[in-house]
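A.B. asks: Coordinates in my_file_7.cif, mmCIF, C-alpha atoms, are listed below.
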data_model
#
loop_
_atom_site.label_atom_id
_atom_site.label_comp_id
_atom_site.auth_asym_id
_atom_site.auth_seq_id
_atom_site.Cartn_x
_atom_site.Cartn_y
_atom_site.Cartn_z
CA GLU A 1 96.92 136.64 109.47
CA LEU A 2 94.27 134.04 110.13
CA LYS A 3 91.07 134.64 108.21
CA VAL A 4 87.82 132.86 108.96
CA GLU A 5 85.08 133.08 106.37
CA GLN A 6 81.54 131.92 106.78
CA ASN A 7 78.92 131.58 104.13
CA PRO A 8 76.24 132.37 103.71
CA LEU A 9 76.06 135.40 105.99
CA PHE A 10 72.27 135.47 105.81
CA LEU A 11 70.02 132.48 105.42
CA SER A 12 66.26 132.33 105.32
CA MET A 13 64.87 128.83 105.17
CA GLN A 14 61.55 127.11 105.55
CA GLU A 15 60.76 124.82 108.40
CA GLY A 16 61.46 121.22 107.54
CA LYS A 17 64.22 121.98 105.06
CA ASN A 18 67.89 121.05 105.26
CA TYR A 19 70.81 123.39 104.80
CA THR A 20 74.55 123.70 105.41
CA ILE A 21 76.62 126.60 106.69
CA TYR A 22 80.26 126.62 105.63
CA CYS A 23 83.28 127.86 107.50
CA ASN A 24 86.65 128.20 105.76
CA TYR A 25 89.83 129.28 107.45
CA SER A 26 93.21 130.24 106.10
CA THR A 27 95.79 128.75 108.50
CA THR A 28 96.41 125.26 109.74
CA SER A 29 94.44 124.48 112.86
CA ASP A 30 93.00 121.37 114.46
CA ARG A 31 90.49 123.23 116.60
CA LEU A 32 87.23 124.63 115.39
CA TYR A 33 84.30 125.89 117.44
CA TRP A 34 80.67 126.63 116.69
CA TYR A 35 78.64 129.06 118.76
CA ARG A 36 75.06 130.21 118.72
CA GLN A 37 73.90 133.69 119.61
CA ASP A 38 70.30 134.76 120.15
CA PRO A 39 69.42 138.46 119.74
CA GLY A 40 70.67 140.51 122.67
CA LYS A 41 72.28 137.49 124.28
CA SER A 42 75.78 136.16 124.70
CA LEU A 43 77.41 133.24 122.88
CA GLU A 44 76.45 129.68 123.65
CA SER A 45 78.87 126.91 122.79
CA LEU A 46 77.46 124.33 120.38
CA PHE A 47 80.37 122.20 119.27
CA VAL A 48 84.09 121.86 119.88
CA LEU A 49 85.89 119.99 117.08
CA LEU A 50 89.42 119.02 118.00
CA SER A 51 90.72 116.81 115.22
CA ASN A 52 90.51 116.10 111.54
CA GLY A 53 87.39 114.17 110.68
CA ALA A 54 85.63 115.09 113.91
CA VAL A 55 81.86 114.96 113.67
CA LYS A 56 79.46 115.98 116.40
CA GLN A 57 75.68 116.04 116.47
CA GLU A 58 73.18 117.62 118.79
CA GLY A 59 69.54 117.45 117.86
CA ARG A 60 69.02 118.87 114.38
CA LEU A 61 72.57 120.24 114.13
CA MET A 62 75.64 118.36 113.00
CA ALA A 63 79.13 119.81 112.71
CA SER A 64 82.16 118.36 110.97
CA LEU A 65 85.79 119.33 110.49
CA ASP A 66 88.16 118.68 107.58
CA THR A 67 91.50 120.16 108.60
CA LYS A 68 93.15 119.32 105.29
CA ALA A 69 90.58 121.37 103.40
CA ARG A 70 90.47 123.91 106.26
CA LEU A 71 86.72 123.58 106.21
CA SER A 72 84.01 123.01 108.76
CA THR A 73 80.32 122.58 108.06
CA LEU A 74 77.26 123.02 110.24
CA HIS A 75 74.40 121.02 108.81
CA ILE A 76 70.82 121.74 109.76
CA THR A 77 68.31 118.96 109.37
CA ALA A 78 64.54 119.59 109.18
CA ALA A 79 64.83 123.13 110.47
CA VAL A 80 62.46 124.45 113.11
CA HIS A 81 61.76 128.04 114.14
CA ASP A 82 63.69 127.63 117.41
CA LEU A 83 66.90 127.35 115.40
CA SER A 84 66.60 130.97 114.29
CA ALA A 85 69.75 132.66 115.61
CA THR A 86 73.20 133.78 114.51
CA TYR A 87 75.81 131.04 114.23
CA PHE A 88 79.51 131.73 114.51
CA CYS A 89 82.46 129.53 113.74
CA ALA A 90 85.79 130.26 115.37
CA VAL A 91 89.31 128.93 115.06
CA ASP A 92 92.28 129.07 117.37
CA ILE A 93 95.82 128.44 116.26
CA GLY A 94 97.16 127.78 119.70
CA ASN A 95 99.72 130.53 119.94
CA SER A 96 97.55 133.19 121.56
CA GLY A 97 96.47 131.55 124.77
CA TYR A 98 93.76 129.81 122.77
CA ALA A 99 92.19 133.11 121.75
CA LEU A 100 89.62 132.66 119.03
CA ASN A 101 89.36 134.12 115.56
CA PHE A 102 85.72 134.40 114.60
CA GLY A 103 83.88 134.39 111.33
CA LYS A 104 81.37 137.18 110.80
CA GLY A 105 78.44 134.95 111.64
CA THR A 106 75.52 133.47 109.74
CA SER A 107 72.15 134.97 110.57
CA LEU A 108 69.58 132.19 110.22
CA LEU A 109 65.85 132.76 110.01
CA VAL A 110 63.55 129.77 109.88
CA THR A 111 60.08 130.58 108.65
CA PRO A 112 56.87 128.50 108.66
CA ASP B 1 78.53 125.09 135.51
CA VAL B 2 81.09 127.64 134.46
CA LYS B 3 79.98 131.13 135.26
CA VAL B 4 81.37 134.28 133.73
CA THR B 5 79.83 137.50 134.97
CA GLN B 6 80.24 141.06 133.78
CA SER B 7 79.65 144.05 135.98
CA SER B 8 77.09 145.80 133.81
CA ARG B 9 74.71 144.79 131.04
CA TYR B 10 74.29 148.34 129.79
CA LEU B 11 76.48 151.42 130.19
CA VAL B 12 76.21 154.93 128.85
CA LYS B 13 79.30 157.11 129.09
CA ARG B 14 80.41 160.45 127.75
CA THR B 15 83.28 161.05 125.38
CA GLY B 16 86.56 161.40 127.26
CA GLU B 17 85.47 159.49 130.35
CA LYS B 18 87.55 156.67 131.73
CA VAL B 19 85.51 153.47 131.64
CA PHE B 20 86.03 150.24 133.53
CA LEU B 21 84.43 146.97 132.45
CA GLU B 22 84.78 144.16 134.94
CA CYS B 23 84.68 140.42 134.33
CA VAL B 24 84.76 137.63 136.91
CA GLN B 25 84.90 133.87 136.38
CA ASP B 26 84.40 131.20 138.99
CA MET B 27 86.15 128.18 137.43
CA ASP B 28 89.80 128.93 138.19
CA HIS B 29 90.55 129.36 134.48
CA GLU B 30 94.01 130.55 133.49
CA ASN B 31 92.96 132.30 130.31
CA MET B 32 90.65 135.28 130.04
CA PHE B 33 89.70 137.35 127.03
CA TRP B 34 88.01 140.56 126.00
CA TYR B 35 86.26 140.80 122.64
CA ARG B 36 84.14 143.45 121.07
CA GLN B 37 81.26 142.63 118.76
CA ASP B 38 80.02 144.92 116.05
CA PRO B 39 77.36 144.23 113.41
CA GLY B 40 78.85 142.75 110.29
CA LEU B 41 82.31 142.38 111.85
CA GLY B 42 81.81 139.42 114.17
CA LEU B 43 83.87 139.28 117.33
CA ARG B 44 87.33 140.81 117.47
CA LEU B 45 89.90 140.18 120.16
CA ILE B 46 91.01 143.21 122.15
CA TYR B 47 93.27 141.71 124.83
CA PHE B 48 93.79 138.41 126.56
CA SER B 49 95.56 137.19 129.66
CA TYR B 50 97.00 133.75 130.34
CA ASP B 51 98.00 134.35 133.95
CA VAL B 52 97.75 136.89 136.73
CA LYS B 53 99.46 140.14 135.79
CA MET B 54 100.13 138.80 132.28
CA LYS B 55 98.47 140.35 129.26
CA GLU B 56 98.78 140.21 125.52
CA LYS B 57 97.40 142.47 122.82
CA GLY B 58 94.83 141.09 120.49
CA ASP B 59 93.83 142.39 117.08
CA ILE B 60 92.41 145.76 118.14
CA PRO B 61 94.08 146.95 121.37
CA GLU B 62 94.27 150.65 120.50
CA GLY B 63 92.42 152.80 123.01
CA TYR B 64 92.13 149.98 125.54
CA SER B 65 94.14 148.60 128.42
CA VAL B 66 93.55 145.70 130.78
CA SER B 67 94.30 144.65 134.31
CA ARG B 68 94.47 141.23 135.90
CA GLU B 69 95.44 141.45 139.54
CA LYS B 70 93.60 138.27 140.57
CA LYS B 71 93.09 135.07 138.65
CA GLU B 72 89.32 135.32 138.63
CA ARG B 73 89.05 138.95 137.54
CA PHE B 74 89.94 140.62 134.25
CA SER B 75 89.20 144.29 133.70
CA LEU B 76 88.99 146.22 130.46
CA ILE B 77 89.76 149.92 130.65
CA LEU B 78 88.90 152.56 128.11
CA GLU B 79 91.35 155.30 128.97
CA SER B 80 89.39 158.06 127.22
CA ALA B 81 86.15 156.80 125.75
CA SER B 82 85.31 157.75 122.19
CA THR B 83 82.15 157.30 120.15
CA ASN B 84 83.81 154.65 117.98
CA GLN B 85 84.09 152.48 121.08
CA THR B 86 80.32 152.15 121.24
CA SER B 87 79.91 148.39 121.01
CA MET B 88 79.03 145.14 122.72
CA TYR B 89 81.89 143.91 124.89
CA LEU B 90 82.15 140.22 125.68
CA CYS B 91 84.41 138.64 128.24
CA ALA B 92 85.37 134.96 128.10
CA SER B 93 87.44 132.50 130.07
CA SER B 94 88.94 129.09 129.35
CA SER B 95 91.26 126.57 130.93
CA ARG B 96 92.47 125.25 127.63
CA PHE B 97 90.12 124.85 124.72
CA GLU B 98 86.47 125.75 125.02
CA GLN B 99 85.74 129.35 125.90
CA TYR B 100 82.84 130.38 128.08
CA PHE B 101 81.34 133.78 127.52
CA GLY B 102 79.80 136.28 129.87
CA PRO B 103 76.48 137.98 129.14
CA GLY B 104 78.11 141.01 127.53
CA THR B 105 78.12 144.74 128.25
CA ARG B 106 76.51 147.04 125.74
CA LEU B 107 78.44 150.29 125.97
CA THR B 108 77.22 153.50 124.41
CA VAL B 109 79.57 156.48 124.29
CA THR B 110 77.86 159.79 123.61
#
Spell out the structure here as structure tokens.
C.D. replies:
Amino acid sequence: ELKVEQNPLFLSMQEGKNYTIYCNYSTTSDRLYWYRQDPGKSLESLFVLLSNGAVKQEGRLMASLDTKARLSTLHITAAVHDLSATYFCAVDIGNSGYALNFGKGTSLLVTP
Amino acid sequence: DVKVTQSSRYLVKRTGEKVFLECVQDMDHENMFWYRQDPGLGLRLIYFSYDVKMKEKGDIPEGYSVSREKKERFSLILESASTNQTSMYLCASSSRFEQYFGPGTRLTVT
């Protein structure tokens, strides 16, 4: 059974600070996804990482994938309030029509 | 832009009712999925479909069934709704990798 673990599950950080969210998974996979969810809303795709060593950046967010360590990170640089949301990582192992296995999510609150 | 729509944003049903949740995508995607989201549990896969009339069980299929008669439409059916099926239901579609999610249906079973 594929397990996807995120940590931390809750994160309160000050504006301007940096922090990293970690996503570990238990089975070999080359595909890792990051989503953002605002309260009461659906999931918005942030990053699709499709190979070992993949790194993608968008604004203050940067995601990376190490398939050998089965680890992805989502790094937040100089956080701003607008980044407050829940962030999910998800993994697919390719044998379920690309269905995703999700972590439980990291609830991020950025405060002044 | 990919668009995934769900028939209702909010639904309130009574225990024992048969409930239909509809999902439509407009990008000719082969794969469609139904997830439920509960606080502290993340998203869990109920069923998915990789072609018309094809369906596969996900991690939590008990109490649910699905129907895919047309490529663009994937329906989730609660045969006899129960209070433990109160949840947010999210539909998604994909052609291969990236999944696109609908707005979700918040179902309350009383």
A.B. asks: Using the chain letters and numbers from this file, what does the PyMOL selection byres ((chain B and resi 44-46) around 6) select? Give the answer as a list in words.
C.D. replies: Trp34, Tyr35, Arg36, Leu43, Tyr47, Gly58, Asp59, Ile60 and Pro61 of chain B
A.B. asks: Per residue of segment 41-108 of chain B within 8 Å of segment 40-54 of chain A, note the shortest atom pair and the distance in Å to one decimal, counting only C-alpha atoms, and order the rows by chain and increasing residue number, as CSV.
C.D. replies:
residue,atom,partner,partner_atom,distance
B:Leu90,CA,A:Ser42,CA,7.6
B:Glu98,CA,A:Val48,CA,6.9
B:Gln99,CA,A:Ser45,CA,7.9
B:Tyr100,CA,A:Ser45,CA,7.5
B:Phe101,CA,A:Leu43,CA,6.1
B:Gly102,CA,A:Ser42,CA,6.6
B:Pro103,CA,A:Ser42,CA,4.8
B:Gly104,CA,A:Ser42,CA,6.1
A.B. asks: Between atom CA of Ser8 of chain B and atom CA of Ser95 of chain B, measure the distance and give it in Å to one decimal.
C.D. replies: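 Computed distance, atom CA of Ser8 of chain B to atom CA of Ser95 of chain B, equals 24.1 Å.
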A.B. asks: Carefully work through the PyMOL selection byres ((chain A) within 12 of (chain B)) for this structure and note down the residues it includes, as a PDB file with C-alpha atoms, in the frame of the given file.
C.D. replies:
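Output below, filename out.pdb:
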ATOM      1  CA  GLU A   1      96.920 136.640 109.470  1.00  0.00           C
ATOM      2  CA  LEU A   2      94.270 134.040 110.130  1.00  0.00           C
ATOM      3  CA  LYS A   3      91.070 134.640 108.210  1.00  0.00           C
ATOM      4  CA  VAL A   4      87.820 132.860 108.960  1.00  0.00           C
ATOM      5  CA  GLU A   5      85.080 133.080 106.370  1.00  0.00           C
ATOM      6  CA  GLN A   6      81.540 131.920 106.780  1.00  0.00           C
ATOM      7  CA  LEU A   9      76.060 135.400 105.990  1.00  0.00           C
ATOM      8  CA  PHE A  10      72.270 135.470 105.810  1.00  0.00           C
ATOM      9  CA  ASP A  30      93.000 121.370 114.460  1.00  0.00           C
ATOM     10  CA  ARG A  31      90.490 123.230 116.600  1.00  0.00           C
ATOM     11  CA  LEU A  32      87.230 124.630 115.390  1.00  0.00           C
ATOM     12  CA  TYR A  33      84.300 125.890 117.440  1.00  0.00           C
ATOM     13  CA  TRP A  34      80.670 126.630 116.690  1.00  0.00           C
ATOM     14  CA  TYR A  35      78.640 129.060 118.760  1.00  0.00           C
ATOM     15  CA  ARG A  36      75.060 130.210 118.720  1.00  0.00           C
ATOM     16  CA  GLN A  37      73.900 133.690 119.610  1.00  0.00           C
ATOM     17  CA  ASP A  38      70.300 134.760 120.150  1.00  0.00           C
ATOM     18  CA  PRO A  39      69.420 138.460 119.740  1.00  0.00           C
ATOM     19  CA  GLY A  40      70.670 140.510 122.670  1.00  0.00           C
ATOM     20  CA  LYS A  41      72.280 137.490 124.280  1.00  0.00           C
ATOM     21  CA  SER A  42      75.780 136.160 124.700  1.00  0.00           C
ATOM     22  CA  LEU A  43      77.410 133.240 122.880  1.00  0.00           C
ATOM     23  CA  GLU A  44      76.450 129.680 123.650  1.00  0.00           C
ATOM     24  CA  SER A  45      78.870 126.910 122.790  1.00  0.00           C
ATOM     25  CA  LEU A  46      77.460 124.330 120.380  1.00  0.00           C
ATOM     26  CA  PHE A  47      80.370 122.200 119.270  1.00  0.00           C
ATOM     27  CA  VAL A  48      84.090 121.860 119.880  1.00  0.00           C
ATOM     28  CA  LEU A  49      85.890 119.990 117.080  1.00  0.00           C
ATOM     29  CA  LEU A  50      89.420 119.020 118.000  1.00  0.00           C
ATOM     30  CA  THR A  86      73.200 133.780 114.510  1.00  0.00           C
ATOM     31  CA  TYR A  87      75.810 131.040 114.230  1.00  0.00           C
ATOM     32  CA  PHE A  88      79.510 131.730 114.510  1.00  0.00           C
ATOM     33  CA  CYS A  89      82.460 129.530 113.740  1.00  0.00           C
ATOM     34  CA  ALA A  90      85.790 130.260 115.370  1.00  0.00           C
ATOM     35  CA  VAL A  91      89.310 128.930 115.060  1.00  0.00           C
ATOM     36  CA  ASP A  92      92.280 129.070 117.370  1.00  0.00           C
ATOM     37  CA  ILE A  93      95.820 128.440 116.260  1.00  0.00           C
ATOM     38  CA  GLY A  94      97.160 127.780 119.700  1.00  0.00           C
ATOM     39  CA  ASN A  95      99.720 130.530 119.940  1.00  0.00           C
ATOM     40  CA  SER A  96      97.550 133.190 121.560  1.00  0.00           C
ATOM     41  CA  GLY A  97      96.470 131.550 124.770  1.00  0.00           C
ATOM     42  CA  TYR A  98      93.760 129.810 122.770  1.00  0.00           C
ATOM     43  CA  ALA A  99      92.190 133.110 121.750  1.00  0.00           C
ATOM     44  CA  LEU A 100      89.620 132.660 119.030  1.00  0.00           C
ATOM     45  CA  ASN A 101      89.360 134.120 115.560  1.00  0.00           C
ATOM     46  CA  PHE A 102      85.720 134.400 114.600  1.00  0.00           C
ATOM     47  CA  GLY A 103      83.880 134.390 111.330  1.00  0.00           C
ATOM     48  CA  LYS A 104      81.370 137.180 110.800  1.00  0.00           C
ATOM     49  CA  GLY A 105      78.440 134.950 111.640  1.00  0.00           C
ATOM     50  CA  THR A 106      75.520 133.470 109.740  1.00  0.00           C
ATOM     51  CA  SER A 107      72.150 134.970 110.570  1.00  0.00           C
TER      52      SER A 107
END
A.B. asks: Report the distance between atom CA of Val19 of chain B and atom CA of Ile77 of chain B in Å, rounded to one decimal place.
C.D. replies: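 Computing it gives 5.6 Å between the two atoms.
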A.B. asks: Apply the PyMOL selection byres ((chain B and resi 25) around 7) to the structure shown and report the selected residues as a list in words.
C.D. replies: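 Residues picked by the PyMOL selection byres ((chain B and resi 25) around 7): Lys3, Val4, Thr5, Cys23, Val24, Asp26, Met27, Glu72, Arg73 and Ser93 of chain B.
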A.B. asks: Output C-alpha atoms for every residue in that selection, as a JSON list (two decimals), keeping the file's coordinate frame.
C.D. replies:
[["chain", "number", "residue", "atom", "x", "y", "z"],
["B", 3, "LYS", "CA", 79.98, 131.13, 135.26],
["B", 4, "VAL", "CA", 81.37, 134.28, 133.73],
["B", 5, "THR", "CA", 79.83, 137.50, 134.97],
["B", 23, "CYS", "CA", 84.68, 140.42, 134.33],
["B", 24, "VAL", "CA", 84.76, 137.63, 136.91],
["B", 26, "ASP", "CA", 84.40, 131.20, 138.99],
["B", 27, "MET", "CA", 86.15, 128.18, 137.43],
["B", 72, "GLU", "CA", 89.32, 135.32, 138.63],
["B", 73, "ARG", "CA", 89.05, 138.95, 137.54],
["B", 93, "SER", "CA", 87.44, 132.50, 130.07]]
A.B. asks: Counting all atoms listed in the file, note down every residue that has an atom within 6 Å of the point (65.0, 129.0, 106.4) (file coordinates), as JSON, numbers by chain.
C.D. replies: {"A": [12, 13, 14, 109, 110, 111]}
A.B. asks: Just the number, please: distance in Å from atom CA of Ala79 of chain A to atom CA of Ile21 of chain A, one decimal.
C.D. replies: 12.9 Å
A.B. asks: Excluding Thr110 of chain B and any residue of its chain fewer than 4 positions from it, enumerate the residues within 8 Å of it, using all atoms listed in the file, and give them as a VMD selection string.
C.D. replies: chain B and resid 12 to 15 82 to 83
A.B. asks: Could I see segment 78-90 of chain B restored to N, CA and C atoms, set down as an mmCIF file, in the frame of the given file?
C.D. replies:
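Saved file result-v2.cif follows:
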data_model
loop_
_atom_site.group_PDB
_atom_site.id
_atom_site.type_symbol
_atom_site.label_atom_id
_atom_site.label_comp_id
_atom_site.auth_asym_id
_atom_site.auth_seq_id
_atom_site.Cartn_x
_atom_site.Cartn_y
_atom_site.Cartn_z
ATOM 1 N N LEU B 78 88.868 151.611 129.216
ATOM 2 C CA LEU B 78 88.900 152.560 128.110
ATOM 3 C C LEU B 78 89.446 153.856 128.698
ATOM 4 N N GLU B 79 90.655 154.192 128.325
ATOM 5 C CA GLU B 79 91.350 155.300 128.970
ATOM 6 C C GLU B 79 90.626 156.636 128.751
ATOM 7 N N SER B 80 90.118 156.834 127.553
ATOM 8 C CA SER B 80 89.390 158.060 127.220
ATOM 9 C C SER B 80 88.356 157.664 126.163
ATOM 10 N N ALA B 81 87.154 157.382 126.635
ATOM 11 C CA ALA B 81 86.150 156.800 125.750
ATOM 12 C C ALA B 81 85.862 157.696 124.544
ATOM 13 N N SER B 82 85.679 157.038 123.405
ATOM 14 C CA SER B 82 85.310 157.750 122.190
ATOM 15 C C SER B 82 84.088 157.096 121.574
ATOM 16 N N THR B 83 83.405 157.818 120.708
ATOM 17 C CA THR B 83 82.150 157.300 120.150
ATOM 18 C C THR B 83 82.379 156.034 119.332
ATOM 19 N N ASN B 84 83.572 155.864 118.761
ATOM 20 C CA ASN B 84 83.810 154.650 117.980
ATOM 21 C C ASN B 84 84.069 153.420 118.859
ATOM 22 N N GLN B 85 84.004 153.612 120.162
ATOM 23 C CA GLN B 85 84.090 152.480 121.080
ATOM 24 C C GLN B 85 82.705 152.029 121.551
ATOM 25 N N THR B 86 81.677 152.644 121.011
ATOM 26 C CA THR B 86 80.320 152.150 121.240
ATOM 27 C C THR B 86 80.217 150.757 120.634
ATOM 28 N N SER B 87 79.869 149.769 121.473
ATOM 29 C CA SER B 87 79.910 148.390 121.010
ATOM 30 C C SER B 87 79.379 147.466 122.097
ATOM 31 N N MET B 88 79.277 146.189 121.734
ATOM 32 C CA MET B 88 79.030 145.140 122.720
ATOM 33 C C MET B 88 80.372 144.541 123.096
ATOM 34 N N TYR B 89 80.630 144.457 124.405
ATOM 35 C CA TYR B 89 81.890 143.910 124.890
ATOM 36 C C TYR B 89 81.617 142.583 125.590
ATOM 37 N N LEU B 90 82.336 141.567 125.151
ATOM 38 C CA LEU B 90 82.150 140.220 125.680
ATOM 39 C C LEU B 90 83.434 139.734 126.324
#
